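**Q** The structure that follows is given in the form of structure tokens.
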Amino acid sequence: MPKRADDITFVPPASSHQQEFETPLASAVYGLDFQLKFTVVWRLDLATGLRHNSPRSAAIHHVLQRAKEISGKVMLVHHAALQVQLGDELATERQVPGTHVWARAEQVKVSVGDDDLEMAKKHIELLRNSTFKLAERDVERAEIRYLRDEVLTDVGTATIWWLQRNGYQVEEAVKLAGHLAELVKIAQREPAGHWAESLVSSVERAMPELEDAHRRDLRLHLVKALSVYGGERVAAEFADQIGLPAGEQHRNGHV
């Protein structure tokens, strides 16, 4: 029995293409790039009713955007793990939004130049040192706050604090009463330090229950605010005075 015209459905033939592509790929550190090489594979789905004037460019651009979303959070020293992750993620075929193009990547290879890798290692070392220095300063500031706000508030408190740490030598404590009184006076004087330190101190005094782990986040928010309302120079001066690493202030100093 012959088929009627209504029973016939047109199915467009499969159309698949591929091309090798190589390009630098951004890492988590500006100026230090991975080298990405892959084969982009794309096909056209004419049944969608959508069209794109340059399917090849659309496919490559789409794959690169997917790769950048991942690589932009990865340090250069982790290039081997990145290659595995990209090989896995980019192998999944996805439709390029708004087009009749479906794209994926094969034979993904991620490499790093020797010079860039050495610079990346130095950058990590600088960040590590800056983090340690910032942690040391946080400990020092916490100790200063403790002595100023809890110990050297009056002679009685200072005396008890001294007794607890010196075997309760009462006679010695009596002899030191005058010196402790002088220390209390000195500790309670308003500091004539840099405005940045005064700003941090004032804000932290307003939130005495603030955990030490959140104090760094507070400083980053202050840098952002100063950058918006005072400009980059003011924000940089503030970050330098409070010991914020240069990389952090640049990355977080703008909203």
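Identifiers in this document derive from the order of the structure tokens: chains are assigned A, B, ..., residues are numbered from 1 separately in each chain, and ligands are numbered from 1 in order of occurrence.
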So that I can see what lies close to region 202-206 of chain A, please list as a list of chain:residue names the residues with an atom at most 9 Å from it, counting only C-alpha atoms and leaving out residues fewer than 4 positions away in the same chain.
**A**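 My reading of the contact set: A:Glu197, A:Ser198, A:Leu210, A:Arg215, A:Leu218.
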**Q** What's around Leu147 (chain A) at 12 Å? Count only C-alpha atoms, leave out sequence neighbours fewer than 3 positions away in its own chain, and write the answer as an NGL selection string.
**A** :A and (140-144 or 150-154 or 157-158 or 161-162 or 183-184 or 186-188)
**Q** For the residues in that selection, give me N, CA, C and O atoms as a PDB file, in the first residue's frame.
**A**
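Output (part-v3.pdb):
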ATOM      1  N   GLU A 140      49.308  39.449  66.771  1.00  0.00           N
ATOM      2  CA  GLU A 140      49.831  40.593  67.522  1.00  0.00           C
ATOM      3  C   GLU A 140      48.721  41.583  67.857  1.00  0.00           C
ATOM      4  O   GLU A 140      48.639  42.091  68.989  1.00  0.00           O
ATOM      5  N   ARG A 141      47.864  41.880  66.873  1.00  0.00           N
ATOM      6  CA  ARG A 141      46.768  42.814  67.119  1.00  0.00           C
ATOM      7  C   ARG A 141      45.797  42.267  68.157  1.00  0.00           C
ATOM      8  O   ARG A 141      45.269  43.021  68.986  1.00  0.00           O
ATOM      9  N   ALA A 142      45.538  40.964  68.096  1.00  0.00           N
ATOM     10  CA  ALA A 142      44.642  40.349  69.075  1.00  0.00           C
ATOM     11  C   ALA A 142      45.223  40.457  70.479  1.00  0.00           C
ATOM     12  O   ALA A 142      44.504  40.739  71.456  1.00  0.00           O
ATOM     13  N   GLU A 143      46.547  40.252  70.606  1.00  0.00           N
ATOM     14  CA  GLU A 143      47.205  40.362  71.905  1.00  0.00           C
ATOM     15  C   GLU A 143      47.155  41.798  72.421  1.00  0.00           C
ATOM     16  O   GLU A 143      46.905  42.041  73.605  1.00  0.00           O
ATOM     17  N   ILE A 144      47.387  42.751  71.505  1.00  0.00           N
ATOM     18  CA  ILE A 144      47.329  44.163  71.894  1.00  0.00           C
ATOM     19  C   ILE A 144      45.927  44.532  72.354  1.00  0.00           C
ATOM     20  O   ILE A 144      45.742  45.226  73.370  1.00  0.00           O
ATOM     21  N   GLU A 150      41.212  44.563  78.029  1.00  0.00           N
ATOM     22  CA  GLU A 150      40.786  43.671  79.105  1.00  0.00           C
ATOM     23  C   GLU A 150      41.744  43.660  80.306  1.00  0.00           C
ATOM     24  O   GLU A 150      41.300  43.470  81.441  1.00  0.00           O
ATOM     25  N   VAL A 151      43.042  43.832  80.052  1.00  0.00           N
ATOM     26  CA  VAL A 151      44.018  43.737  81.141  1.00  0.00           C
ATOM     27  C   VAL A 151      44.352  45.105  81.713  1.00  0.00           C
ATOM     28  O   VAL A 151      44.182  45.355  82.917  1.00  0.00           O
ATOM     29  N   LEU A 152      44.828  45.993  80.851  1.00  0.00           N
ATOM     30  CA  LEU A 152      45.288  47.298  81.330  1.00  0.00           C
ATOM     31  C   LEU A 152      44.158  48.326  81.338  1.00  0.00           C
ATOM     32  O   LEU A 152      44.315  49.461  80.882  1.00  0.00           O
ATOM     33  N   THR A 153      43.022  47.907  81.861  1.00  0.00           N
ATOM     34  CA  THR A 153      41.884  48.832  81.963  1.00  0.00           C
ATOM     35  C   THR A 153      41.909  49.616  83.274  1.00  0.00           C
ATOM     36  O   THR A 153      41.451  50.753  83.339  1.00  0.00           O
ATOM     37  N   ASP A 154      42.419  48.982  84.329  1.00  0.00           N
ATOM     38  CA  ASP A 154      42.579  49.659  85.616  1.00  0.00           C
ATOM     39  C   ASP A 154      43.669  48.927  86.392  1.00  0.00           C
ATOM     40  O   ASP A 154      44.084  47.818  86.027  1.00  0.00           O
ATOM     41  N   THR A 157      42.736  45.243  87.824  1.00  0.00           N
ATOM     42  CA  THR A 157      42.737  44.173  86.819  1.00  0.00           C
ATOM     43  C   THR A 157      44.150  43.845  86.382  1.00  0.00           C
ATOM     44  O   THR A 157      44.521  42.674  86.235  1.00  0.00           O
ATOM     45  N   ALA A 158      44.969  44.884  86.178  1.00  0.00           N
ATOM     46  CA  ALA A 158      46.350  44.667  85.764  1.00  0.00           C
ATOM     47  C   ALA A 158      47.131  43.920  86.833  1.00  0.00           C
ATOM     48  O   ALA A 158      47.957  43.040  86.526  1.00  0.00           O
ATOM     49  N   TRP A 161      46.084  40.243  86.856  1.00  0.00           N
ATOM     50  CA  TRP A 161      46.668  39.596  85.671  1.00  0.00           C
ATOM     51  C   TRP A 161      48.142  39.278  85.920  1.00  0.00           C
ATOM     52  O   TRP A 161      48.615  38.183  85.588  1.00  0.00           O
ATOM     53  N   TRP A 162      48.873  40.219  86.530  1.00  0.00           N
ATOM     54  CA  TRP A 162      50.297  40.000  86.802  1.00  0.00           C
ATOM     55  C   TRP A 162      50.472  38.883  87.841  1.00  0.00           C
ATOM     56  O   TRP A 162      51.356  38.035  87.698  1.00  0.00           O
ATOM     57  N   LEU A 183      51.404  51.943  83.310  1.00  0.00           N
ATOM     58  CA  LEU A 183      51.062  51.169  82.115  1.00  0.00           C
ATOM     59  C   LEU A 183      49.592  51.322  81.754  1.00  0.00           C
ATOM     60  O   LEU A 183      49.228  51.408  80.580  1.00  0.00           O
ATOM     61  N   VAL A 184      48.744  51.351  82.781  1.00  0.00           N
ATOM     62  CA  VAL A 184      47.317  51.542  82.537  1.00  0.00           C
ATOM     63  C   VAL A 184      47.063  52.887  81.872  1.00  0.00           C
ATOM     64  O   VAL A 184      46.287  52.989  80.907  1.00  0.00           O
ATOM     65  N   ILE A 186      49.149  54.650  80.051  1.00  0.00           N
ATOM     66  CA  ILE A 186      49.673  54.612  78.680  1.00  0.00           C
ATOM     67  C   ILE A 186      48.729  53.841  77.759  1.00  0.00           C
ATOM     68  O   ILE A 186      48.439  54.268  76.638  1.00  0.00           O
ATOM     69  N   ALA A 187      48.247  52.682  78.226  1.00  0.00           N
ATOM     70  CA  ALA A 187      47.390  51.843  77.393  1.00  0.00           C
ATOM     71  C   ALA A 187      46.065  52.511  77.058  1.00  0.00           C
ATOM     72  O   ALA A 187      45.490  52.266  75.987  1.00  0.00           O
ATOM     73  N   GLN A 188      45.578  53.361  77.945  1.00  0.00           N
ATOM     74  CA  GLN A 188      44.266  53.969  77.742  1.00  0.00           C
ATOM     75  C   GLN A 188      44.326  55.289  76.982  1.00  0.00           C
ATOM     76  O   GLN A 188      43.294  55.893  76.707  1.00  0.00           O
TER      77      GLN A 188
END
**Q** What is the distance, in Å and to one decimal place, between CA of Phe21 (chain A) and CA of Thr39 (chain A)?
**A**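 Atom-to-atom, CA of Phe21 (chain A) to CA of Thr39 (chain A), that is 6.0 Å.
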**Q** Let me make sure I understand: among A:Val155, A:Ala135, A:Leu180, A:Leu117, which one has the smallest atom-to-atom distance to Arg216 (chain A) if we use only C-alpha atoms?
**A**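 Looking only at the distances to Arg216 (chain A), the closest residue turns out to be A:Ala135.
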**Q** Select, from A:Gln241, A:Gln169, A:Thr131, A:Ser27, the residue with the minimum atom-to-atom distance to Ser111 (chain A), counting only C-alpha atoms.
**A** A:Ser27
**Q** Apply DSSP to the backbone of this structure and, from region 14-184 of chain A, keep only the residues in strand (DSSP E or B); write these as a VMD selection string.
**A** chain A and resid 16 to 26 33 to 44 94 to 95 101 to 111
**Q** Could you give me, as a ChimeraX atom specification, the residues within 8 Å of Trp102 (chain A), counting only C-alpha atoms and dropping anything in the same chain fewer than 5 positions from it?
**A** /A:42-45,59,93-96
**Q** Wanna dump the region 82-176 of chain A-region 29-38 of chain A contacts at 9 Å for me, each residue with its shortest atom pair and the distance in Å to one decimal, counting only C-alpha atoms, ordered by chain and number, as a Markdown table?
**A**
| residue | atom | partner | partner_atom | distance |
| --- | --- | --- | --- | --- |
| A:Gln83 | CA | A:Leu36 | CA | 8.8 |
| A:Ala105 | CA | A:Phe38 | CA | 6.3 |
| A:Glu106 | CA | A:Phe38 | CA | 6.0 |
| A:Gln107 | CA | A:Phe38 | CA | 5.4 |
| A:Val108 | CA | A:Phe38 | CA | 4.4 |
| A:Lys109 | CA | A:Lys37 | CA | 5.1 |
| A:Val110 | CA | A:Leu36 | CA | 4.8 |
| A:Ser111 | CA | A:Gln35 | CA | 5.1 |
| A:Val112 | CA | A:Phe34 | CA | 5.4 |
| A:Gly113 | CA | A:Gln35 | CA | 8.0 |
| A:Asp116 | CA | A:Leu32 | CA | 6.2 |
| A:Leu117 | CA | A:Leu32 | CA | 8.3 |
| A:Met119 | CA | A:Leu32 | CA | 8.1 |
| A:Ala120 | CA | A:Leu32 | CA | 7.3 |
| A:His123 | CA | A:Val29 | CA | 8.8 |
**Q** Please, could you write that set of residues out with all heavy atoms as a JSON list (two decimals), in the first residue's frame?
**A**
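Once written, again-v5.json looks like this:
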[["chain", "number", "residue", "atom", "x", "y", "z"],
["A", 83, "GLN", "N", 43.81, 19.30, 33.02],
["A", 83, "GLN", "CA", 43.67, 18.56, 31.76],
["A", 83, "GLN", "C", 42.66, 17.42, 31.91],
["A", 83, "GLN", "O", 41.81, 17.21, 31.03],
["A", 83, "GLN", "CB", 45.02, 18.00, 31.32],
["A", 83, "GLN", "CG", 44.93, 17.14, 30.06],
["A", 83, "GLN", "CD", 46.28, 16.75, 29.52],
["A", 83, "GLN", "OE1", 47.12, 17.62, 29.27],
["A", 83, "GLN", "NE2", 46.50, 15.46, 29.32],
["A", 105, "ALA", "N", 34.44, 18.67, 22.76],
["A", 105, "ALA", "CA", 35.88, 18.66, 22.49],
["A", 105, "ALA", "C", 36.46, 17.28, 22.75],
["A", 105, "ALA", "O", 36.03, 16.57, 23.66],
["A", 105, "ALA", "CB", 36.59, 19.69, 23.35],
["A", 106, "GLU", "N", 37.44, 16.92, 21.94],
["A", 106, "GLU", "CA", 38.18, 15.67, 22.10],
["A", 106, "GLU", "C", 39.67, 15.97, 22.17],
["A", 106, "GLU", "O", 40.11, 17.07, 21.81],
["A", 106, "GLU", "CB", 37.91, 14.73, 20.92],
["A", 106, "GLU", "CG", 36.47, 14.27, 20.79],
["A", 106, "GLU", "CD", 36.28, 13.34, 19.58],
["A", 106, "GLU", "OE1", 37.22, 13.27, 18.74],
["A", 106, "GLU", "OE2", 35.21, 12.70, 19.48],
["A", 107, "GLN", "N", 40.43, 15.00, 22.64],
["A", 107, "GLN", "CA", 41.90, 15.09, 22.67],
["A", 107, "GLN", "C", 42.37, 16.39, 23.33],
["A", 107, "GLN", "O", 43.20, 17.13, 22.78],
["A", 107, "GLN", "CB", 42.46, 14.97, 21.24],
["A", 107, "GLN", "CG", 42.09, 13.67, 20.55],
["A", 107, "GLN", "CD", 42.54, 13.62, 19.10],
["A", 107, "GLN", "OE1", 43.30, 14.46, 18.64],
["A", 107, "GLN", "NE2", 42.06, 12.62, 18.39],
["A", 108, "VAL", "N", 41.81, 16.66, 24.48],
["A", 108, "VAL", "CA", 42.15, 17.89, 25.22],
["A", 108, "VAL", "C", 43.54, 17.75, 25.83],
["A", 108, "VAL", "O", 43.83, 16.78, 26.51],
["A", 108, "VAL", "CB", 41.11, 18.17, 26.32],
["A", 108, "VAL", "CG1", 41.53, 19.39, 27.14],
["A", 108, "VAL", "CG2", 39.73, 18.38, 25.71],
["A", 109, "LYS", "N", 44.38, 18.74, 25.58],
["A", 109, "LYS", "CA", 45.73, 18.74, 26.14],
["A", 109, "LYS", "C", 46.02, 20.11, 26.74],
["A", 109, "LYS", "O", 45.87, 21.13, 26.09],
["A", 109, "LYS", "CB", 46.76, 18.40, 25.06],
["A", 109, "LYS", "CG", 48.20, 18.37, 25.59],
["A", 109, "LYS", "CD", 49.18, 17.97, 24.50],
["A", 109, "LYS", "CE", 50.62, 18.00, 25.00],
["A", 109, "LYS", "NZ", 50.83, 17.13, 26.17],
["A", 110, "VAL", "N", 46.44, 20.11, 28.00],
["A", 110, "VAL", "CA", 46.79, 21.35, 28.71],
["A", 110, "VAL", "C", 48.27, 21.30, 29.05],
["A", 110, "VAL", "O", 48.75, 20.34, 29.65],
["A", 110, "VAL", "CB", 45.97, 21.51, 30.00],
["A", 110, "VAL", "CG1", 46.42, 22.76, 30.77],
["A", 110, "VAL", "CG2", 44.48, 21.60, 29.67],
["A", 111, "SER", "N", 49.01, 22.34, 28.67],
["A", 111, "SER", "CA", 50.44, 22.41, 28.97],
["A", 111, "SER", "C", 50.77, 23.78, 29.55],
["A", 111, "SER", "O", 49.96, 24.72, 29.49],
["A", 111, "SER", "CB", 51.27, 22.14, 27.72],
["A", 111, "SER", "OG", 50.96, 23.08, 26.70],
["A", 112, "VAL", "N", 51.97, 23.88, 30.10],
["A", 112, "VAL", "CA", 52.43, 25.13, 30.72],
["A", 112, "VAL", "C", 53.88, 25.35, 30.36],
["A", 112, "VAL", "O", 54.69, 24.41, 30.44],
["A", 112, "VAL", "CB", 52.27, 25.07, 32.26],
["A", 112, "VAL", "CG1", 52.84, 26.32, 32.90],
["A", 112, "VAL", "CG2", 50.81, 24.90, 32.65],
["A", 113, "GLY", "N", 54.23, 26.57, 29.99],
["A", 113, "GLY", "CA", 55.62, 26.89, 29.70],
["A", 113, "GLY", "C", 56.47, 26.87, 30.96],
["A", 113, "GLY", "O", 55.99, 27.19, 32.05],
["A", 116, "ASP", "N", 56.63, 30.28, 32.73],
["A", 116, "ASP", "CA", 55.37, 30.61, 33.40],
["A", 116, "ASP", "C", 55.18, 29.77, 34.65],
["A", 116, "ASP", "O", 54.68, 30.26, 35.68],
["A", 116, "ASP", "CB", 54.19, 30.39, 32.45],
["A", 116, "ASP", "CG", 54.07, 31.49, 31.41],
["A", 116, "ASP", "OD1", 54.73, 32.54, 31.59],
["A", 116, "ASP", "OD2", 53.33, 31.32, 30.43],
["A", 117, "LEU", "N", 55.57, 28.50, 34.58],
["A", 117, "LEU", "CA", 55.43, 27.62, 35.73],
["A", 117, "LEU", "C", 56.31, 28.09, 36.89],
["A", 117, "LEU", "O", 55.91, 28.06, 38.06],
["A", 117, "LEU", "CB", 55.79, 26.19, 35.35],
["A", 117, "LEU", "CG", 55.54, 25.12, 36.42],
["A", 117, "LEU", "CD1", 54.08, 25.11, 36.83],
["A", 117, "LEU", "CD2", 55.97, 23.75, 35.91],
["A", 119, "MET", "N", 57.27, 31.20, 37.41],
["A", 119, "MET", "CA", 56.65, 32.41, 37.94],
["A", 119, "MET", "C", 55.45, 32.07, 38.82],
["A", 119, "MET", "O", 55.21, 32.72, 39.85],
["A", 119, "MET", "CB", 56.22, 33.32, 36.79],
["A", 119, "MET", "CG", 57.38, 33.96, 36.04],
["A", 119, "MET", "SD", 56.81, 35.05, 34.72],
["A", 119, "MET", "CE", 55.99, 36.33, 35.69],
["A", 120, "ALA", "N", 54.69, 31.06, 38.41],
["A", 120, "ALA", "CA", 53.53, 30.64, 39.20],
["A", 120, "ALA", "C", 53.95, 30.14, 40.57],
["A", 120, "ALA", "O", 53.30, 30.43, 41.58],
["A", 120, "ALA", "CB", 52.76, 29.55, 38.45],
["A", 123, "HIS", "N", 54.86, 33.09, 42.65],
["A", 123, "HIS", "CA", 53.65, 33.79, 43.06],
["A", 123, "HIS", "C", 53.00, 33.10, 44.25],
["A", 123, "HIS", "O", 52.56, 33.76, 45.21],
["A", 123, "HIS", "CB", 52.67, 33.83, 41.88],
["A", 123, "HIS", "CG", 51.37, 34.51, 42.20],
["A", 123, "HIS", "ND1", 50.23, 33.82, 42.52],
["A", 123, "HIS", "CD2", 51.04, 35.83, 42.25],
["A", 123, "HIS", "CE1", 49.25, 34.67, 42.76],
["A", 123, "HIS", "NE2", 49.71, 35.88, 42.60]]
**Q** Considering only C-alpha atoms, can you say which of A:Arg148, A:Gly87, A:Glu171, A:Leu127 comes closest to Lys185 (chain A)?
**A** A:Arg148
**Q** Write out as a PyMOL selection string the residues lying within 9 Å of Lys121 (chain A), counting only C-alpha atoms and excluding same-chain residues fewer than 5 positions away.
**A** chain A and resi 76-77+116+126
**Q** As a PyMOL selection string, please: all residues of region 3-247 of chain A that backbone DSSP puts in helix (DSSP H, G or I).
**A** chain A and resi 5-7+46-48+55-71+76-89+114-151+155-165+170-175+177-187+195-206+212-230+232-241+246-247
**Q** Taking only C-alpha atoms into account, name the residue in A:Ala196, A:Ala173, A:Met207, A:Leu86 that is nearest to Ala236 (chain A).
**A**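 Of the candidates, the smallest distance to Ala236 (chain A) is held by A:Ala196.
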**Q** Have a look at A:Asp149, A:Leu134, A:Trp195, A:Ile124 and name the one nearest to Met75 (chain A); count only C-alpha atoms.
**A**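 Using only C-alpha atoms, the shortest distance to Met75 (chain A) belongs to A:Ile124.
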**Q** By how many Å are CA of Gly230 (chain A) and CA of Leu199 (chain A) apart?
**A**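 Value for the CA of Gly230 (chain A)-CA of Leu199 (chain A) distance: 14.1 Å.
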